[in-house]
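K.L.:
Please see the structure below; I have some questions.
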Amino acid sequence: MNAFLAVLRRDLRLAFAQGGSVGLVVGFFVIAATLFPLASGPERAELARVAPAVIWIGALLATLLSLDRMFQADLEDGSLDLLLAGGAPSSLVVLAKCLAHWLSTGLPLVIVSPLLSLLLGLDGAGTIMLGKTLLLGTPTLSLIGAVGAGLTVGVRRAGILIAVLVLPLYVPVLIFGAGAVDLAMLGLDTGPSLALLGAVLLVSLPVGTLGAAAALRLAAL
Amino acid sequence: MMLTRLANPTRFMRLADRLLPWLAAATVLAFAAGLVWGLGFAPPDYQQGDTVRIMFVHVPAAWLAMFGYSFMAVASFVALVWKHPLADVAAKAAAPLGAGFCLIALITGSLWGEPMWGTWWVWDARLTSMLVLFFLYVGYIALWSAIDEPERAARAAAILALVGAVNVPIVKFSVDWWSTLHQPASVIRMDGPTIDASILWPLAINALAFQLYFVTVLLWRMKAELIGRRIRALTLGIAAREA
């Protein structure tokens with residue numbers, strides 16, 4: 001548990017320190033979503049209809065951007081070997097790093113999402129549901145992304161490779177996440193979508209941590 | 001046990017050399033029988049006419065695309081758990097085959113969709129999940145080619161294949177759910193009347209032909225991969241001696 005907290009604290013301090021990526025990720029998220037109306041035209045009804053899709057895709061891409069540094073920086077300065085040799089289970093280390101990644105990318109996205117839904121003309125019910133789905137869905141993005149980041153650590157052009165590996169696996173989160181917001185805007189029952197989003201999170205919890213841990217042990221050989 | 005005996009690459013190569021001519025001949029025969037029967041003699045559909053014949057290529061290709069991924073996942077599992085030296089070779093050899101069948105299924109599906117549904121592409125659940133499966137294959141192949149050392153590439157690809165295999169049912173289910181959410185059943189399905197024997201037989205023979213092709217080319221590719229690794233080892237040995 002001590003190791004878990006130590007890794008978490010270290011990663012959070014690195015992420016929020018000067019030169020960390022939190023501000024950049026949020027900036028990318030907002031800019032990407034703002035570009036969309038410029039390309040599609042400013043009709044509010046039209047924008048509100050596609051807003052869940054735009055914001056969810058923005059969140060997906062923003063998460064992707066920060067994934068390639070998840071383990072790469074640790075590999076470069078040698079701390080990855082220490083973390084794995086430190087005696088704590090490697091999946092616990094991965095879990096701590098995923099939590100830190102989510103707190104420094106997923107959670108900020110959830111926090112700024114109301115601003116974006118305001119910009120894109122989403123109604124109240126849609127905005128609340130968007131926040132809920134992002135809250136349930138972005139941890140899954142970090143967990144599955146960890147597998148991609150772990151597999152490509154130390155590989156040339158890792159960033160683009162992670163995108164190819166991980167984006168197809170993001171399909172369920174995208175479908176249930178954006179789908180629930182659509183349902184909420186139509187005034188329909190969103191319970192099943194949220195439950196499924198939670199189920200995907202629960203499945204990706206062991207898959208993501210064990211998969212990424214196996215990948216990291218491989219890279220640190 | 002059979003699998004342990006085959007762990008010796010030389011023994012495997014000898015067995016493959018003995019099997020390959022027979023397998024290749026059987027593949028050609030099955031293709032000749034299945035395609036001629038399916039494309040030439042099977043009765044046209046009462047609604048779709050002759051376009052239904054695309055099915056004889058499309059359906060087996062789609063089956064093999066799914067079979068290829070399951071095969072890859074099982075081989076990766078064997079490679080990770082029992083460290084069987086041929087399992088990762090088999091998984092690597094199966095990936096481009098599966099991706100190829102996936103592409104054939106997508107393209108023939110598109111060619112079939114144009115006369116039937118009036119459009120080259122619909123965001124139907126089956127088409128979409130086949131497309132995602134294709135992307136998974138592409139990721140797997142990309143990971144193999146991104147890592148230079150075969151040992152590490154094999155382990156990394158095996159982990160990816162297993163993580164993907166856990167996710168494939170979820171992706172499939174979510175796409176089904178999405179498709180029912182977004183569009184009601186507006187697409188003509190071929191599961192109206194049960195398939196008649198006059199169509200089922202050529203379909204089965206074609207499926208057999210595709211399967212035989214898969215096994216033949218798989219053995220071929222495994223042989224090539226083993227020889228490639230041997231060459232790599234020899235070259236490294238020579239380079240080490242010269243240095």
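Ordered as shown in the structure tokens, chains take letters A, B, and onward, while each chain numbers its residues from 1 and ligands are numbered from 1 in the order shown.
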Give the residues of chain A that lie within 7 Å of chain B; count only C-alpha atoms, and format the answer as a tab-separated table (two decimals) with C-alpha atoms, in the first residue's frame.

P.N.:
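What follows is the written file result_18.tsv:
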```tsv
chain	number	residue	atom	x	y	z
A	151	LEU	CA	3.66	-2.68	-24.94
A	155	VAL	CA	9.72	1.47	-29.24
A	164	VAL	CA	-3.38	2.01	-33.68
A	165	LEU	CA	-3.28	-0.54	-30.86
A	168	PRO	CA	-10.13	-0.12	-31.66
A	169	LEU	CA	-10.36	-1.22	-28.02
A	171	VAL	CA	-14.97	1.40	-29.28
A	172	PRO	CA	-17.23	0.13	-26.44
A	175	ILE	CA	-20.49	3.76	-27.97
A	207	VAL	CA	-7.20	-6.69	-17.99
A	211	GLY	CA	-1.72	-6.72	-19.26
A	215	ALA	CA	4.20	-5.79	-20.90
A	218	LEU	CA	8.93	-7.69	-20.71
```

K.L.:
Find the spatial neighbours of A:Ser90, counting only C-alpha atoms, within a cut-off of 10 Å - ignore same-chain residues fewer than 5 positions away - and output them as a ChimeraX atom specification.

P.N.:
/A:83-85,95-96,209-210,212-214,216-217

K.L.:
Which is closest to A:Ile111 among A:Ile31, A:Ala53, A:Val26, A:Val166, if we use only C-alpha atoms?

P.N.:
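Smallest separation from A:Ile111 among the options: A:Val26.
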
K.L.:
Excluding same-chain residues fewer than 6 positions from A:Ala146, what lies within 8 Å of it counting only C-alpha atoms, as a list in words?

P.N.:
Leu67, Met70, Val94, Cys98, Gly208, Thr209 and Ala212 of chain A

K.L.:
Create the file for the chosen residues now, containing N, CA, C and O atoms and written as a PDB file, in the first residue's frame.

P.N.:
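Below you can see selection.pdb, which holds the result:
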```pdb
ATOM      1  N   LEU A  67      -0.617   9.335 -23.402  1.00  0.00           N
ATOM      2  CA  LEU A  67      -0.285   7.945 -23.080  1.00  0.00           C
ATOM      3  C   LEU A  67       1.178   7.606 -23.329  1.00  0.00           C
ATOM      4  O   LEU A  67       1.778   6.830 -22.582  1.00  0.00           O
ATOM      5  N   MET A  70       3.480   7.809 -20.458  1.00  0.00           N
ATOM      6  CA  MET A  70       3.062   7.152 -19.214  1.00  0.00           C
ATOM      7  C   MET A  70       4.199   6.324 -18.600  1.00  0.00           C
ATOM      8  O   MET A  70       4.467   6.407 -17.414  1.00  0.00           O
ATOM      9  N   VAL A  94       1.298  -0.521 -11.644  1.00  0.00           N
ATOM     10  CA  VAL A  94       0.564  -0.077 -12.828  1.00  0.00           C
ATOM     11  C   VAL A  94      -0.742   0.586 -12.427  1.00  0.00           C
ATOM     12  O   VAL A  94      -1.124   1.622 -12.968  1.00  0.00           O
ATOM     13  N   CYS A  98      -1.922   4.225 -13.375  1.00  0.00           N
ATOM     14  CA  CYS A  98      -3.178   4.477 -14.092  1.00  0.00           C
ATOM     15  C   CYS A  98      -4.016   5.504 -13.339  1.00  0.00           C
ATOM     16  O   CYS A  98      -4.604   6.408 -13.945  1.00  0.00           O
ATOM     17  N   GLY A 208      -6.431  -4.395 -17.851  1.00  0.00           N
ATOM     18  CA  GLY A 208      -5.481  -3.305 -18.051  1.00  0.00           C
ATOM     19  C   GLY A 208      -4.274  -3.430 -17.137  1.00  0.00           C
ATOM     20  O   GLY A 208      -3.124  -3.355 -17.588  1.00  0.00           O
ATOM     21  N   THR A 209      -4.510  -3.663 -15.838  1.00  0.00           N
ATOM     22  CA  THR A 209      -3.372  -3.694 -14.920  1.00  0.00           C
ATOM     23  C   THR A 209      -2.492  -4.920 -15.183  1.00  0.00           C
ATOM     24  O   THR A 209      -1.274  -4.803 -15.266  1.00  0.00           O
ATOM     25  N   ALA A 212      -0.742  -4.561 -18.714  1.00  0.00           N
ATOM     26  CA  ALA A 212       0.331  -3.568 -18.730  1.00  0.00           C
ATOM     27  C   ALA A 212       1.505  -4.035 -17.881  1.00  0.00           C
ATOM     28  O   ALA A 212       2.667  -3.829 -18.240  1.00  0.00           O
TER      29      ALA A 212
END
```

K.L.:
Residues within 12 Å of A:Phe36, please, as a ChimeraX atom specification. Count only C-alpha atoms; anything in the same chain fewer than 3 positions from it doesn't count.

P.N.:
/A:29-33,39-43,46-48,50-51,53-55,57-58,116,119-120

K.L.:
Could you name the residues that touch A:Ala184 at 10 Å or less, counting only C-alpha atoms, but leaving out those on the same chain fewer than 2 positions away, as a PyMOL selection string?

P.N.:
chain A and resi 123-130+179-182+186-191

K.L.:
Mind giving me the straight-line distance from atom CA of B:Leu23 to atom CA of B:Leu64 in Å, one decimal?

P.N.:
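Computing it gives 17.0 Å between the two atoms.
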
K.L.:
Please provide as a VMD selection string all residues within 12 Å of B:Leu218, with the sequence filter that same-chain residues fewer than 2 positions apart are discarded (counting only C-alpha atoms).

P.N.:
chain B and resid 16 20 23 to 24 68 71 to 72 86 to 87 89 to 98 210 to 216 220 to 225

K.L.:
Applying 12 Å and only C-alpha atoms, which residues near A:Gly27 remain after dropping the ones on its own chain fewer than 5 positions away? List them as a VMD selection string.

P.N.:
chain A and resid 21 to 22 32 to 34 58 to 59 62 65 105 108 to 109 112 to 113 116

K.L.:
List every residue of stretch 15-50 of chain B that DSSP, applied to the backbone of this structure, assigns to alpha helix (DSSP H), and report them as a list of chain:residue names.

P.N.:
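Selecting the alpha helix (DSSP H) positions of stretch 15-50 of chain B gives B:Leu15, B:Ala16, B:Asp17, B:Arg18, B:Leu19, B:Leu20, B:Pro21, B:Trp22, B:Leu23, B:Ala24, B:Ala25, B:Ala26, B:Thr27, B:Val28, B:Leu29, B:Ala30, B:Phe31, B:Ala32, B:Ala33, B:Gly34, B:Leu35, B:Val36.
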
K.L.:
Between atom CA of A:Val173 and atom CA of B:Pro169, measure the distance and give it in Å to one decimal.

P.N.:
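Separation between atom CA of A:Val173 and atom CA of B:Pro169: 13.5 Å.
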